[in-house]
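*Asks:* Pasting protein-v6.cif below, which is mmCIF, C-alpha atoms and all ligand atoms.
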data_entry
loop_
_atom_site.label_atom_id
_atom_site.label_comp_id
_atom_site.auth_asym_id
_atom_site.auth_seq_id
_atom_site.Cartn_x
_atom_site.Cartn_y
_atom_site.Cartn_z
CA MET A 230 76.45 62.87 -9.80
CA ALA A 231 78.49 65.32 -11.78
CA LYS A 232 78.83 66.91 -15.14
CA ILE A 233 82.47 66.51 -16.21
CA THR A 234 84.11 69.29 -18.18
CA LEU A 235 87.34 68.68 -20.06
CA ASP A 236 88.72 72.12 -20.78
CA ASN A 237 91.64 72.43 -23.18
CA LEU A 238 92.90 69.13 -21.85
CA ALA A 239 96.03 67.46 -23.26
CA HIS A 240 98.74 65.20 -21.93
CA SER A 241 102.28 64.35 -22.90
CA TYR A 242 104.45 61.90 -20.98
CA MET A 243 107.50 63.84 -22.25
CA PRO A 244 108.96 66.69 -20.21
CA ASN A 245 109.27 69.05 -23.19
CA PRO A 246 106.79 68.05 -25.88
CA ALA A 247 107.68 69.71 -29.16
CA SER A 248 104.89 68.70 -31.52
CA GLU A 249 101.42 67.20 -31.46
CA ASP A 250 102.95 63.76 -31.99
CA ASP A 251 104.51 63.98 -28.55
CA TYR A 252 101.07 64.06 -26.90
CA ALA A 253 99.48 60.77 -25.77
CA LEU A 254 96.26 62.76 -25.40
CA LYS A 255 95.76 65.53 -27.94
CA GLU A 256 93.84 68.68 -27.04
CA LEU A 257 90.29 67.96 -26.02
CA ASN A 258 87.34 70.18 -25.08
CA HIS A 259 84.12 68.54 -24.08
CA VAL A 260 81.37 68.52 -21.51
CA TRP A 261 80.25 65.07 -20.40
CA GLU A 262 76.65 65.30 -19.28
CA ASP A 263 75.54 64.55 -15.79
CA GLY A 264 73.99 61.11 -15.53
CA ALA A 265 74.95 59.88 -19.01
CA ALA A 266 76.70 56.58 -19.74
CA TYR A 267 79.80 57.02 -21.90
CA ALA A 268 82.05 54.39 -23.39
CA LEU A 269 85.64 55.26 -24.22
CA LEU A 270 86.44 53.08 -27.21
CA GLY A 271 89.63 52.62 -29.18
CA ALA A 272 92.48 50.28 -30.03
CA SER A 273 95.31 49.54 -27.62
CA GLY A 274 97.58 52.53 -27.08
CA CYS A 275 95.14 55.18 -28.34
CA GLY A 276 95.07 57.06 -25.03
CA LYS A 277 92.00 55.67 -23.24
CA SER A 278 93.79 54.96 -19.96
CA THR A 279 95.56 58.31 -20.11
CA LEU A 280 92.20 60.10 -20.27
CA LEU A 281 90.61 57.87 -17.62
CA ASN A 282 93.57 58.39 -15.28
CA ILE A 283 93.22 62.16 -15.66
CA ILE A 284 89.53 61.90 -14.76
CA SER A 285 90.23 59.65 -11.78
CA GLY A 286 93.14 61.77 -10.53
CA LEU A 287 95.95 59.26 -11.02
CA LEU A 288 97.52 61.57 -13.56
CA THR A 289 97.82 65.38 -13.67
CA PRO A 290 97.42 66.59 -17.25
CA SER A 291 100.25 68.61 -18.76
CA GLN A 292 97.70 71.08 -20.10
CA GLY A 293 94.16 72.21 -19.33
CA ARG A 294 91.62 71.64 -16.59
CA ILE A 295 89.08 69.10 -15.50
CA LEU A 296 85.93 70.16 -13.66
CA PHE A 297 83.37 68.12 -11.75
CA ASN A 298 80.29 70.36 -11.97
CA ASP A 299 81.87 73.76 -11.33
CA THR A 300 84.74 72.57 -9.17
CA ASP A 301 88.23 72.46 -10.67
CA VAL A 302 89.65 69.06 -9.65
CA THR A 303 92.68 69.08 -11.96
CA ARG A 304 95.05 68.80 -9.05
CA SER A 305 92.84 67.03 -6.53
CA PRO A 306 93.90 63.56 -5.47
CA THR A 307 91.63 60.61 -6.30
CA ALA A 308 90.39 60.37 -2.72
CA GLU A 309 88.93 63.86 -2.92
CA ARG A 310 87.07 63.31 -6.17
CA ASN A 311 84.30 61.13 -4.77
CA ILE A 312 84.36 58.59 -7.58
CA ALA A 313 83.99 54.83 -7.69
CA GLN A 314 86.27 52.74 -9.87
CA VAL A 315 86.09 49.20 -11.19
CA PHE A 316 89.24 47.78 -12.73
CA GLN A 317 90.08 44.92 -15.08
CA PHE A 318 90.78 42.57 -12.22
CA PRO A 319 88.55 42.17 -9.18
CA VAL A 320 89.50 44.02 -6.03
CA VAL A 321 87.76 42.24 -3.16
CA TYR A 322 88.59 41.53 0.45
CA ASP A 323 88.97 37.74 0.55
CA THR A 324 88.46 37.37 4.28
CA MET A 325 85.19 39.33 4.24
CA THR A 326 81.78 38.01 3.27
CA VAL A 327 80.13 39.12 0.05
CA ARG A 328 77.80 41.24 2.21
CA ASP A 329 80.66 43.02 3.99
CA ASN A 330 82.48 43.60 0.73
CA LEU A 331 79.41 45.27 -0.75
CA ALA A 332 78.79 47.26 2.43
CA PHE A 333 82.37 48.49 2.71
CA PRO A 334 82.09 51.83 0.84
CA LEU A 335 78.96 52.75 2.82
CA ARG A 336 80.31 51.76 6.24
CA ASN A 337 83.52 53.56 5.41
CA ARG A 338 81.49 56.74 5.14
CA GLY A 339 79.63 56.10 8.37
CA ARG A 340 76.21 55.35 6.88
CA ALA A 341 73.49 54.01 9.21
CA GLU A 342 73.36 50.20 9.30
CA SER A 343 69.70 50.23 8.25
CA GLU A 344 70.64 52.10 5.06
CA VAL A 345 73.62 49.80 4.50
CA ALA A 346 71.46 46.68 4.82
CA GLU A 347 68.82 47.98 2.45
CA ARG A 348 71.26 49.12 -0.19
CA VAL A 349 73.40 45.96 -0.03
CA GLN A 350 70.28 43.86 -0.52
CA GLU A 351 69.26 45.93 -3.52
CA ILE A 352 72.68 45.69 -5.17
CA ALA A 353 73.01 41.97 -4.40
CA ARG A 354 69.71 41.37 -6.13
CA MET A 355 70.85 43.28 -9.20
CA ILE A 356 74.12 41.39 -9.51
CA GLY A 357 72.40 38.09 -8.77
CA MET A 358 74.29 37.34 -5.54
CA GLU A 359 71.53 37.54 -2.93
CA HIS A 360 71.95 33.87 -2.13
CA MET A 361 75.69 34.28 -1.53
CA LEU A 362 75.72 37.25 0.82
CA ASN A 363 77.02 35.28 3.79
CA ARG A 364 79.80 33.51 1.88
CA LYS A 365 83.39 34.57 2.26
CA ALA A 366 84.79 36.05 -0.96
CA ARG A 367 87.73 33.63 -0.77
CA GLY A 368 87.05 30.66 -2.98
CA LEU A 369 84.69 32.46 -5.32
CA GLY A 370 85.50 32.45 -9.04
CA ALA A 371 86.85 35.45 -10.95
CA ASP A 372 83.38 36.12 -12.41
CA GLU A 373 81.76 36.31 -9.02
CA LYS A 374 84.55 38.41 -7.56
CA GLN A 375 84.25 40.86 -10.43
CA LYS A 376 80.51 41.04 -9.88
CA ILE A 377 81.27 42.03 -6.28
CA SER A 378 83.64 44.74 -7.56
CA LEU A 379 80.92 46.03 -9.89
CA GLY A 380 78.36 45.96 -7.10
CA ARG A 381 80.69 47.75 -4.72
CA GLY A 382 81.31 50.39 -7.36
CA MET A 383 77.60 51.03 -7.56
CA VAL A 384 76.59 50.77 -3.94
CA ARG A 385 76.91 54.50 -3.19
CA ARG A 386 74.33 56.73 -4.77
CA ASP A 387 76.25 59.96 -4.16
CA VAL A 388 79.41 59.42 -6.22
CA ASN A 389 80.36 62.04 -8.81
CA ALA A 390 81.11 59.38 -11.40
CA LEU A 391 81.62 55.68 -11.84
CA LEU A 392 84.67 54.69 -13.88
CA PHE A 393 85.07 51.23 -15.39
CA ASP A 394 88.36 50.15 -16.95
CA GLU A 395 87.74 47.09 -19.16
CA PRO A 396 85.74 45.51 -16.31
CA LEU A 397 84.63 42.42 -18.20
CA THR A 398 88.12 41.20 -19.18
CA VAL A 399 88.11 38.31 -16.70
CA ILE A 400 84.46 37.47 -17.17
CA ASP A 401 83.44 34.32 -19.01
CA PRO A 402 82.13 35.12 -22.51
CA HIS A 403 78.62 33.84 -21.72
CA MET A 404 78.45 36.02 -18.59
CA LYS A 405 79.64 39.16 -20.35
CA TRP A 406 76.35 39.75 -22.07
CA GLU A 407 74.44 39.27 -18.84
CA LEU A 408 76.65 41.65 -16.86
CA ARG A 409 76.54 44.28 -19.57
CA THR A 410 72.78 44.14 -19.56
CA GLN A 411 72.73 44.44 -15.78
CA LEU A 412 75.07 47.42 -15.88
CA LYS A 413 72.83 49.14 -18.39
CA ARG A 414 69.82 48.46 -16.14
CA LEU A 415 71.67 49.80 -13.11
CA HIS A 416 72.50 52.91 -15.04
CA ASN A 417 68.87 53.43 -16.07
CA GLU A 418 67.77 52.92 -12.49
CA PHE A 419 70.37 54.96 -10.61
CA GLY A 420 71.42 57.53 -13.21
CA HIS A 421 75.12 57.62 -12.32
CA THR A 422 77.52 59.42 -14.66
CA MET A 423 79.41 56.42 -16.01
CA ILE A 424 82.58 56.13 -18.07
CA TYR A 425 83.39 52.72 -19.41
CA VAL A 426 86.73 52.05 -21.10
CA THR A 427 86.87 49.25 -23.62
CA HIS A 428 88.44 48.21 -26.91
CA ASP A 429 85.40 46.04 -27.68
CA GLN A 430 82.79 47.72 -29.88
CA THR A 431 79.99 45.40 -28.77
CA GLU A 432 80.59 46.33 -25.15
CA ALA A 433 80.72 50.02 -26.00
CA LEU A 434 77.66 50.05 -28.22
CA THR A 435 75.43 48.02 -25.92
CA PHE A 436 76.41 49.84 -22.76
CA ALA A 437 76.68 53.49 -23.67
CA ASP A 438 74.32 56.32 -24.57
CA ARG A 439 77.31 58.05 -26.12
CA VAL A 440 80.48 56.45 -27.39
CA VAL A 441 83.72 58.44 -27.35
CA VAL A 442 85.95 56.98 -30.07
CA MET A 443 89.69 57.57 -29.66
CA HIS A 444 92.36 57.07 -32.27
CA ASP A 445 96.01 57.91 -31.96
CA GLY A 446 95.60 60.16 -28.91
CA ARG A 447 92.65 62.04 -30.35
CA VAL A 448 88.94 61.90 -29.72
CA VAL A 449 87.70 61.43 -33.28
CA GLN A 450 83.97 61.27 -32.57
CA ILE A 451 81.52 61.39 -29.70
CA GLY A 452 78.15 60.08 -30.72
CA THR A 453 75.27 57.72 -30.21
CA PRO A 454 75.77 54.22 -31.60
CA GLU A 455 73.49 55.21 -34.46
CA GLU A 456 75.50 58.34 -35.32
CA LEU A 457 78.72 56.32 -35.32
CA PHE A 458 77.15 53.84 -37.66
CA GLU A 459 75.43 56.24 -40.06
CA ARG A 460 77.84 59.18 -40.16
CA PRO A 461 81.33 58.21 -39.02
CA GLU A 462 83.18 61.51 -38.69
CA HIS A 463 86.54 59.87 -39.33
CA THR A 464 87.41 56.86 -41.48
CA PHE A 465 88.80 55.18 -38.35
CA VAL A 466 85.32 55.21 -36.79
CA GLY A 467 84.03 53.65 -40.00
CA TYR A 468 86.58 50.82 -39.90
CA PHE A 469 86.54 50.24 -36.18
CA ILE A 470 82.79 50.15 -35.71
CA GLY A 471 80.76 47.69 -37.69
CA SER A 472 81.38 44.12 -38.63
CA PRO A 473 82.87 44.22 -41.15
CA GLY A 474 83.75 47.92 -41.00
CA MET A 475 83.00 50.61 -43.57
CA ASN A 476 84.45 50.30 -47.07
CA VAL A 477 86.74 53.23 -47.80
CA ILE A 478 87.44 53.68 -51.49
CA PRO A 479 89.65 56.41 -52.99
CA ALA A 480 87.65 58.59 -55.34
CA LYS A 481 87.42 61.98 -56.99
CA VAL A 482 84.43 64.02 -56.00
CA ASP A 483 82.87 66.77 -58.05
CA GLY A 484 79.52 68.29 -57.08
CA ASN A 485 77.11 65.42 -56.47
CA ARG A 486 79.14 62.82 -58.32
CA ALA A 487 82.02 60.58 -57.24
CA TYR A 488 84.43 59.13 -59.79
CA ILE A 489 86.28 55.87 -59.28
CA GLU A 490 88.72 54.95 -62.02
CA GLY A 491 86.67 56.95 -64.53
CA THR A 492 83.33 55.40 -63.57
CA GLU A 493 80.62 57.52 -62.05
CA LEU A 494 78.66 57.16 -58.85
CA PRO A 495 75.74 59.38 -57.79
CA LEU A 496 75.88 61.06 -54.36
CA ALA A 497 72.94 62.34 -52.33
CA ARG A 498 74.80 65.54 -51.37
CA GLY A 499 76.81 68.12 -53.24
CA TYR A 500 80.45 68.93 -52.47
CA GLY A 501 82.72 71.91 -53.18
CA ALA A 502 86.39 71.52 -54.10
CA LEU A 503 88.04 69.04 -51.72
CA LYS A 504 91.68 69.11 -50.68
CA GLY A 505 93.95 66.21 -49.82
CA LYS A 506 93.22 62.49 -49.95
CA VAL A 507 89.58 62.05 -50.98
CA ALA A 508 87.61 58.84 -50.49
CA ILE A 509 84.06 57.63 -50.25
CA GLY A 510 82.90 55.51 -47.32
CA VAL A 511 80.08 52.99 -47.66
CA ARG A 512 79.04 50.49 -45.04
CA PRO A 513 78.66 46.90 -46.31
CA GLU A 514 75.01 47.09 -45.23
CA TYR A 515 74.41 49.76 -47.90
CA ALA A 516 76.14 47.96 -50.76
CA ARG A 517 74.17 45.56 -52.93
CA LEU A 518 75.28 42.95 -55.39
CA SER A 519 73.44 43.00 -58.72
CA SER A 520 73.47 41.32 -62.11
CA SER A 521 72.35 44.39 -64.03
CA GLU A 522 73.00 47.71 -62.25
CA GLY A 523 75.98 49.50 -60.81
CA LEU A 524 79.74 49.29 -61.10
CA PRO A 525 81.81 46.17 -61.90
CA VAL A 526 82.85 43.97 -58.98
CA ARG A 527 84.43 40.53 -58.68
CA VAL A 528 83.17 38.26 -55.88
CA ARG A 529 86.07 36.54 -54.12
CA ARG A 530 84.45 34.79 -51.20
CA VAL A 531 81.09 34.43 -49.48
CA GLU A 532 80.97 33.98 -45.70
CA ASP A 533 77.75 32.69 -44.23
CA VAL A 534 77.52 34.12 -40.73
CA GLY A 535 73.98 32.95 -39.95
CA ARG A 536 71.93 36.13 -39.84
CA HIS A 537 73.32 37.28 -43.18
CA LYS A 538 76.08 36.67 -45.72
CA ILE A 539 79.27 38.68 -46.01
CA ILE A 540 80.56 38.93 -49.56
CA ARG A 541 84.25 39.78 -49.96
CA ALA A 542 84.81 41.28 -53.36
CA GLU A 543 87.34 43.13 -55.44
CA PHE A 544 86.32 46.57 -56.60
CA PHE A 545 88.81 48.42 -58.81
CA GLY A 546 91.73 46.78 -56.98
CA HIS A 547 90.29 47.36 -53.49
CA GLU A 548 88.83 44.72 -51.25
CA ILE A 549 85.28 45.61 -50.26
CA ALA A 550 82.64 43.87 -48.18
CA ILE A 551 78.96 43.62 -49.07
CA ILE A 552 76.27 42.32 -46.75
CA ALA A 553 73.51 40.27 -48.33
CA GLY A 554 70.42 38.71 -46.76
CA GLU A 555 70.51 35.13 -45.54
CA ASP A 556 68.31 33.96 -48.43
CA ASP A 557 69.69 36.21 -51.17
CA ARG A 558 70.90 34.44 -54.26
CA ILE A 559 74.53 35.06 -55.14
CA GLY A 560 75.01 33.84 -58.70
CA ALA A 561 77.95 33.93 -61.08
CA ASP A 562 76.09 36.60 -63.07
CA MET A 563 76.24 39.03 -60.16
CA THR A 564 79.14 41.08 -61.29
CA ARG A 565 77.96 44.54 -60.31
CA VAL A 566 77.54 46.50 -57.12
CA THR A 567 75.36 49.47 -56.21
CA PHE A 568 75.75 51.76 -53.23
CA ASP A 569 72.76 53.50 -51.67
CA PRO A 570 73.57 57.19 -52.43
CA ALA A 571 71.95 58.40 -49.19
CA HIS A 572 74.50 56.33 -47.27
CA VAL A 573 77.65 57.18 -49.17
CA ASN A 574 79.86 59.47 -47.05
CA VAL A 575 82.69 61.57 -48.42
CA TYR A 576 86.04 61.97 -46.64
CA ALA A 577 88.94 64.35 -47.20
CA ASN A 578 92.16 63.41 -45.38
CA ASP A 579 90.08 60.90 -43.39
CA TRP A 580 87.59 63.46 -42.01
CA LEU A 581 83.95 63.50 -43.02
CA VAL A 582 82.92 66.31 -45.33
CA ALA A 583 79.38 67.42 -44.57
CA GLY A 584 78.32 68.35 -48.10
CA GLU A 585 75.09 70.13 -48.95
CA ALA A 586 71.76 68.42 -49.35
CA ALA A 587 71.01 68.32 -53.07
N1 LIG A 601 103.61 56.18 -18.08
C1 LIG A 601 103.83 56.35 -19.38
N2 LIG A 601 104.99 56.87 -19.82
C2 LIG A 601 105.21 57.06 -21.14
N3 LIG A 601 104.33 56.75 -22.10
C3 LIG A 601 103.16 56.23 -21.74
C4 LIG A 601 102.85 56.00 -20.35
N4 LIG A 601 101.59 55.47 -20.29
C5 LIG A 601 101.16 55.40 -21.58
N5 LIG A 601 102.08 55.85 -22.43
C6 LIG A 601 101.94 55.94 -23.90
O1 LIG A 601 100.83 56.78 -24.19
C7 LIG A 601 100.06 56.27 -25.27
C8 LIG A 601 98.61 56.05 -24.82
O2 LIG A 601 98.59 55.00 -23.85
P1 LIG A 601 97.31 54.57 -23.04
O3 LIG A 601 97.73 53.57 -22.01
O4 LIG A 601 96.59 55.78 -22.57
O5 LIG A 601 96.45 53.84 -24.17
P2 LIG A 601 95.22 52.85 -24.03
O6 LIG A 601 94.30 53.21 -25.14
O7 LIG A 601 94.68 52.88 -22.67
O8 LIG A 601 95.85 51.44 -24.32
P3 LIG A 601 95.55 50.02 -23.65
O9 LIG A 601 94.17 49.64 -24.10
O10 LIG A 601 96.61 49.14 -24.21
O11 LIG A 601 95.65 50.22 -22.17
C9 LIG A 601 100.76 55.00 -25.74
O12 LIG A 601 101.58 55.34 -26.82
C10 LIG A 601 101.59 54.60 -24.54
O13 LIG A 601 102.75 53.92 -24.94
#
Spell out the structure here as structure tokens.
*Replies:*
Amino acid sequence: MAKITLDNLAHSYMPNPASEDDYALKELNHVWEDGAAYALLGASGCGKSTLLNIISGLLTPSQGRILFNDTDVTRSPTAERNIAQVFQFPVVYDTMTVRDNLAFPLRNRGRAESEVAERVQEIARMIGMEHMLNRKARGLGADEKQKISLGRGMVRRDVNALLFDEPLTVIDPHMKWELRTQLKRLHNEFGHTMIYVTHDQTEALTFADRVVVMHDGRVVQIGTPEELFERPEHTFVGYFIGSPGMNVIPAKVDGNRAYIEGTELPLARGYGALKGKVAIGVRPEYARLSSSEGLPVRVRRVEDVGRHKIIRAEFFGHEIAIIAGEDDRIGADMTRVTFDPAHVNVYANDWLVAGEAA
């Protein structure tokens, strides 16, 4: 297993990049811990594959270095990096049995048959395919083939890292949850350094210890699911994570007060003078509809999603979302909204401003 260091890394697909906009991956410095499970999360085109391809060796970055432990692998081909990869679509040998497919990476490295047999059995149990070991891969469904790909990715204990590129794309929705849970268990058991690329927040948040959120070629935050939820460092993280995402409302901020269209809102922290576009960010979970307290709001629609209700409302010309409990009353008299001050974040030009505890 390896610690992965991204040192001054950046990539442009252009021969002579002139400005930051020309970079598909903007400068990045980070150490990815040995044995941790990371998800690389972001919308299509944000640079996830570019970063993954640099880590796997398919792409040489136009700037910076990548280290596996203390070894500089920036220019090493994939074959020399000792990594396992699982792609969107299953890569299995149709004419081989499930057993031989799973054993392939071990036999390829000349491991003793006794070790191969033991390890294949262990992996087959974890992916729920023990009863199919003697079947030829041909004729199996896409789900089962992808499970073989996942199992084969994990069969070697000595890989530097395991890279997954949207591995559940072809998996049936009801199987996705099960496979994700199994992957998480495998990670806990074997402690591989894992990097899992996805544009699906549920996949990222359930799988990873740390989620790396990318937006427009930039890593905007690396954090635990809880950190991404409570303190999004960029408004994009606020929108992208959460269902519905964080409400972002333009405001003026002075000390420990925010002002929206002349009305006042208390903040839990104090702020100095802020430059640029200033806004507050409040998750719908921390907004509450009221008949007596808070600022004026107009309820537009109530969506009952089972566990709770999502209220879509208009707040000084902005659409906001409020989450209410399943049994909460939502009457015509509820024309006000309060925000929990401890959970109101302040942003300047889309970046979180830390503020000082009051
Ligand atoms: N080979 C290439 N040549 C030129 N531009 C590229 C190339 N590959 C990717 N890009 C551009 O780089 C940017 C980042 O693309 P990348 O594929 O890394 O994003 P992504 O987040 O993986 O997206 P997706 O989820 O759709 O695969 C995009 O603007 C894309 O158009």
*Asks:* Which residue is closest to Lys506 in chain A? Choose from A:Trp406, A:Tyr242, A:Phe419, A:Tyr576 and count all atoms listed in the file.
*Replies:*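 Ranking A:Trp406, A:Tyr242, A:Phe419, A:Tyr576 by distance to Lys506 in chain A, first place goes to A:Tyr576.
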*Asks:* List all protein, DNA and RNA residues that have any atom at most 8 Å from ligand LIG 601 (chain A), counting all atoms listed in the file, and write the list as a PyMOL selection string.
*Replies:* chain A and resi 241-243+252-254+271-280+427-428+443+445-446
*Asks:* So, counting all atoms listed in the file, which residue among A:Leu288, A:Leu397, A:Leu415, A:Val260 is closest to Ala371 in chain A?
*Replies:* A:Leu397
*Asks:* May I ask for the distance between CA of Ala247 in chain A and CA of Val442 in chain A, given in Å to one decimal place?
*Replies:*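 Taking CA of Ala247 in chain A as the start and CA of Val442 in chain A as the end point, the length is 25.2 Å.
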*Asks:* Please produce, as CSV, a per-residue contact table for range 264-352 of chain A versus range 363-367 of chain A (criterion: any atom at most 8 Å away, all atoms listed in the file considered), showing the nearest atom pair and its distance in Å to one decimal, sorted by chain then residue number.
*Replies:*
residue,atom,partner,partner_atom,distance
A:Val321,CA,A:Ala366,CA,7.2
A:Tyr322,CA,A:Ala366,CA,6.8
A:Asp323,CA,A:Arg367,CA,4.5
A:Thr324,CA,A:Lys365,CA,6.1
A:Met325,CA,A:Lys365,CA,5.5
A:Thr326,CA,A:Lys365,CA,3.9
A:Val327,CA,A:Ala366,CA,5.7
A:Arg328,CA,A:Asn363,CA,6.2
*Asks:* Keeping only C-alpha atoms, take the residues you just selected and write them out as a PDB file, in the frame of the given file.
*Replies:*
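The new file part31.pdb reads:
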ATOM      1  CA  VAL A 321      87.760  42.240  -3.160  1.00  0.00           C
ATOM      2  CA  TYR A 322      88.590  41.530   0.450  1.00  0.00           C
ATOM      3  CA  ASP A 323      88.970  37.740   0.550  1.00  0.00           C
ATOM      4  CA  THR A 324      88.460  37.370   4.280  1.00  0.00           C
ATOM      5  CA  MET A 325      85.190  39.330   4.240  1.00  0.00           C
ATOM      6  CA  THR A 326      81.780  38.010   3.270  1.00  0.00           C
ATOM      7  CA  VAL A 327      80.130  39.120   0.050  1.00  0.00           C
ATOM      8  CA  ARG A 328      77.800  41.240   2.210  1.00  0.00           C
TER       9      ARG A 328
END
*Asks:* Name the residues in contact with Leu287 in chain A at a cut-off of 12 Å, using only C-alpha atoms, excluding same-chain residues fewer than 4 positions from it; report them as a list in words.
*Replies:* Ser278, Thr279, Leu280, Leu281, Asn282, Ile283, Val302, Thr303, Arg304, Ser305, Pro306, Thr307, Ala308, Glu309, Arg310 and Gln314 of chain A
*Asks:* By how many Å are CA of Gly382 in chain A and CA of Val315 in chain A apart?
*Replies:*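 CA of Gly382 in chain A sits 6.2 Å away from CA of Val315 in chain A.
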*Asks:* Just the number, please: distance in Å from CA of Ala239 in chain A to CA of Gln450 in chain A, one decimal.
*Replies:*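 These atoms are spaced 16.4 Å apart.
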*Asks:* Rank A:Lys481, A:His572, A:Arg498, A:His444 by their smallest atom-to-atom distance to Arg512 in chain A, using all atoms listed in the file, and report the top residue only.
*Replies:*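 Using all atoms listed in the file, the shortest distance to Arg512 in chain A belongs to A:His572.
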*Asks:* Could you give me, as a list in words, the residues within 12 Å of Pro244 in chain A, counting only C-alpha atoms and dropping anything in the same chain fewer than 6 positions from it?
*Replies:*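 Residues near the query, excluding close chain neighbours: Asp251, Tyr252, Pro290 and Ser291 of chain A.
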*Asks:* Filtering to C-alpha atoms, could you give me those residues as a tab-separated table (two decimals), in the frame of the given file?
*Replies:*
chain	number	residue	atom	x	y	z
A	251	ASP	CA	104.51	63.98	-28.55
A	252	TYR	CA	101.07	64.06	-26.90
A	290	PRO	CA	97.42	66.59	-17.25
A	291	SER	CA	100.25	68.61	-18.76
*Asks:* Measuring atom to atom with all atoms listed in the file, identify which of A:Gly452, A:Pro495, A:Gly510, A:Pro319 is nearest to Phe465 in chain A.
*Replies:* A:Gly510
*Asks:* Choose the residue, out of A:Asn389, A:Thr435, A:Thr564, A:Gln430, that has the smallest atom-to-atom separation from Met230 in chain A; count only C-alpha atoms.
*Replies:*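 Looking at the shortest contact to Met230 in chain A, the residue is A:Asn389.
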